Amino acid sequence: MTKSDAEQPGSVSGACLCGAVQFEVELPCIICGHCHCSLCRRAHGAGFVTWFTVPRAQMELLSGEADLTRYRSSEIGHRSFCARCGSSLFFESSRHPDNIDIVLANMKGPVDKPPLGHAFFDCRAEWVEVRDELPKLGGADGLQPL
């Protein structure tokens with residue numbers, strides 16, 4: 001094994017709930033974080049969702065392309081989900097067209113970065129209590145220090 005092989009973070013596979021959509025992600029990821037925006041909350045039926053981002057070229061869809069449905073959730077983005085089981089899987093933004101955001105909960109193993117902060121924290125659900133020390137961000141783009 002060469003030094004560069006030892007430093008490679010590797011890959012991790014992921015899937016929807018029913019297993020129809022299978023994919024693999026080559027690490028490293030760019031960032032990992034929690035999003036509290038109302039669109040993420042409604043799309044996932046949860047208080048917030050944890051995403052990680054990789055360059056689009058580092059994500060390979062292995063199966064289930066016919067079961068993958070894209071929904072334009074805003075003027076800047078599309079969300080993809082499994083049409084069979086409804087699992088939310090990906091977010092693609094026109095602001096960062098070379099990257100793809102992937103729902104961390106759909107991965108079968110860990111990624112190389114822990115969540116680094118809370119985006120859109122100022123519009124979080126009132127019933128969500130966050131007790132960690134991660135940065136809380138907000139404002140118009142959800143990423144300004146609060």
# chains A, B, ... in the order shown; residues from 1 in each chain; ligands from 1
$ residues_around --residues "segment 50-61 of chain A" --least-positions-apart "3" --cutoff "7 Å" --atoms "only C-alpha atoms" --output "mmCIF file with C-alpha atoms, in the first residue's frame"
data_model
loop_
_atom_site.group_PDB
_atom_site.id
_atom_site.type_symbol
_atom_site.label_atom_id
_atom_site.label_comp_id
_atom_site.auth_asym_id
_atom_site.auth_seq_id
_atom_site.Cartn_x
_atom_site.Cartn_y
_atom_site.Cartn_z
ATOM 1 C CA GLN A 22 -28.652 2.171 -4.739
ATOM 2 C CA PHE A 23 -25.684 4.497 -5.045
ATOM 3 C CA GLU A 24 -22.051 4.849 -4.077
ATOM 4 C CA VAL A 25 -20.185 7.953 -3.000
ATOM 5 C CA GLU A 26 -16.459 8.464 -3.331
ATOM 6 C CA CYS A 29 -17.029 15.006 1.123
ATOM 7 C CA ILE A 30 -16.975 18.798 0.953
ATOM 8 C CA ILE A 31 -19.097 19.437 4.037
ATOM 9 C CA CYS A 32 -21.656 17.842 6.312
ATOM 10 C CA GLY A 33 -24.294 19.749 8.257
ATOM 11 C CA HIS A 34 -27.808 19.984 9.628
ATOM 12 C CA CYS A 35 -30.439 22.013 7.748
ATOM 13 C CA ASP A 98 -21.215 20.651 -9.861
ATOM 14 C CA ASN A 99 -22.140 19.359 -6.378
ATOM 15 C CA ILE A 100 -24.842 17.110 -4.998
ATOM 16 C CA ASP A 101 -26.213 17.043 -1.443
ATOM 17 C CA ILE A 102 -26.994 13.581 -0.082
ATOM 18 C CA VAL A 103 -29.087 12.662 2.963
ATOM 19 C CA LEU A 104 -26.656 11.247 5.520
#
$ select_by_dssp --residues "chain A" --states "helix (DSSP H, G or I)" --output "ChimeraX atom specification"
/A:3-7,38-44,56-58,65-67,104-106,121-123
$ atom_distance --atom1 "atom CA of Leu89 of chain A" --atom2 "atom CA of Val12 of chain A"
14.5 Å
$ residues_around --residues "Ser88 of chain A" --least-positions-apart "2" --cutoff "8 Å" --atoms "only C-alpha atoms" --output "PyMOL selection string"
chain A and resi 16+43-44+79-82+86+90+103
$ write_last_selection --atoms "N, CA and C atoms" --output "PDB file, in the first residue's frame"
ATOM      1  N   CYS A  16     -32.125   3.852  -0.715  1.00  0.00           N
ATOM      2  CA  CYS A  16     -33.420   4.265  -0.177  1.00  0.00           C
ATOM      3  C   CYS A  16     -33.926   3.179   0.770  1.00  0.00           C
ATOM      4  N   ALA A  43     -40.036  18.172   3.577  1.00  0.00           N
ATOM      5  CA  ALA A  43     -39.670  17.066   2.674  1.00  0.00           C
ATOM      6  C   ALA A  43     -39.317  15.797   3.436  1.00  0.00           C
ATOM      7  N   HIS A  44     -38.796  15.946   4.649  1.00  0.00           N
ATOM      8  CA  HIS A  44     -38.352  14.785   5.423  1.00  0.00           C
ATOM      9  C   HIS A  44     -39.288  14.423   6.568  1.00  0.00           C
ATOM     10  N   ARG A  79     -35.164  18.204  -5.602  1.00  0.00           N
ATOM     11  CA  ARG A  79     -34.982  17.132  -4.640  1.00  0.00           C
ATOM     12  C   ARG A  79     -35.323  15.834  -5.356  1.00  0.00           C
ATOM     13  N   SER A  80     -34.557  14.802  -5.058  1.00  0.00           N
ATOM     14  CA  SER A  80     -34.818  13.493  -5.658  1.00  0.00           C
ATOM     15  C   SER A  80     -35.215  12.518  -4.567  1.00  0.00           C
ATOM     16  N   PHE A  81     -36.190  11.677  -4.892  1.00  0.00           N
ATOM     17  CA  PHE A  81     -36.668  10.683  -3.941  1.00  0.00           C
ATOM     18  C   PHE A  81     -37.050   9.417  -4.681  1.00  0.00           C
ATOM     19  N   CYS A  82     -37.149   8.322  -3.927  1.00  0.00           N
ATOM     20  CA  CYS A  82     -37.555   7.048  -4.512  1.00  0.00           C
ATOM     21  C   CYS A  82     -39.067   7.048  -4.689  1.00  0.00           C
ATOM     22  N   GLY A  86     -40.608   6.482  -1.207  1.00  0.00           N
ATOM     23  CA  GLY A  86     -40.690   7.873  -0.790  1.00  0.00           C
ATOM     24  C   GLY A  86     -39.458   8.422  -0.109  1.00  0.00           C
ATOM     25  N   PHE A  90     -31.564  13.083  -2.525  1.00  0.00           N
ATOM     26  CA  PHE A  90     -30.593  14.053  -3.023  1.00  0.00           C
ATOM     27  C   PHE A  90     -31.203  15.442  -3.164  1.00  0.00           C
ATOM     28  N   VAL A 103     -28.579  12.854   1.604  1.00  0.00           N
ATOM     29  CA  VAL A 103     -29.087  12.662   2.963  1.00  0.00           C
ATOM     30  C   VAL A 103     -28.193  11.658   3.687  1.00  0.00           C
TER      31      VAL A 103
END
$ atom_distance --atom1 "atom CA of Ser11 of chain A" --atom2 "atom CA of Gly45 of chain A"
28.2 Å
$ select_by_dssp --residues "segment 22-95 of chain A" --states "strand (DSSP E or B)" --output "PyMOL selection string"
chain A and resi 22-26+31-35+49-55+59-63+68-74+77-82+88-93
$ closest_residue --among "A:His78, A:Arg70, A:His118, A:Lys113" --to "Gln144 of chain A" --atoms "only C-alpha atoms"
A:His118
$ closest_residue --among "A:Leu17, A:Tyr71, A:Phe121, A:Pro97" --to "Phe48 of chain A" --atoms "only C-alpha atoms"
A:Phe121
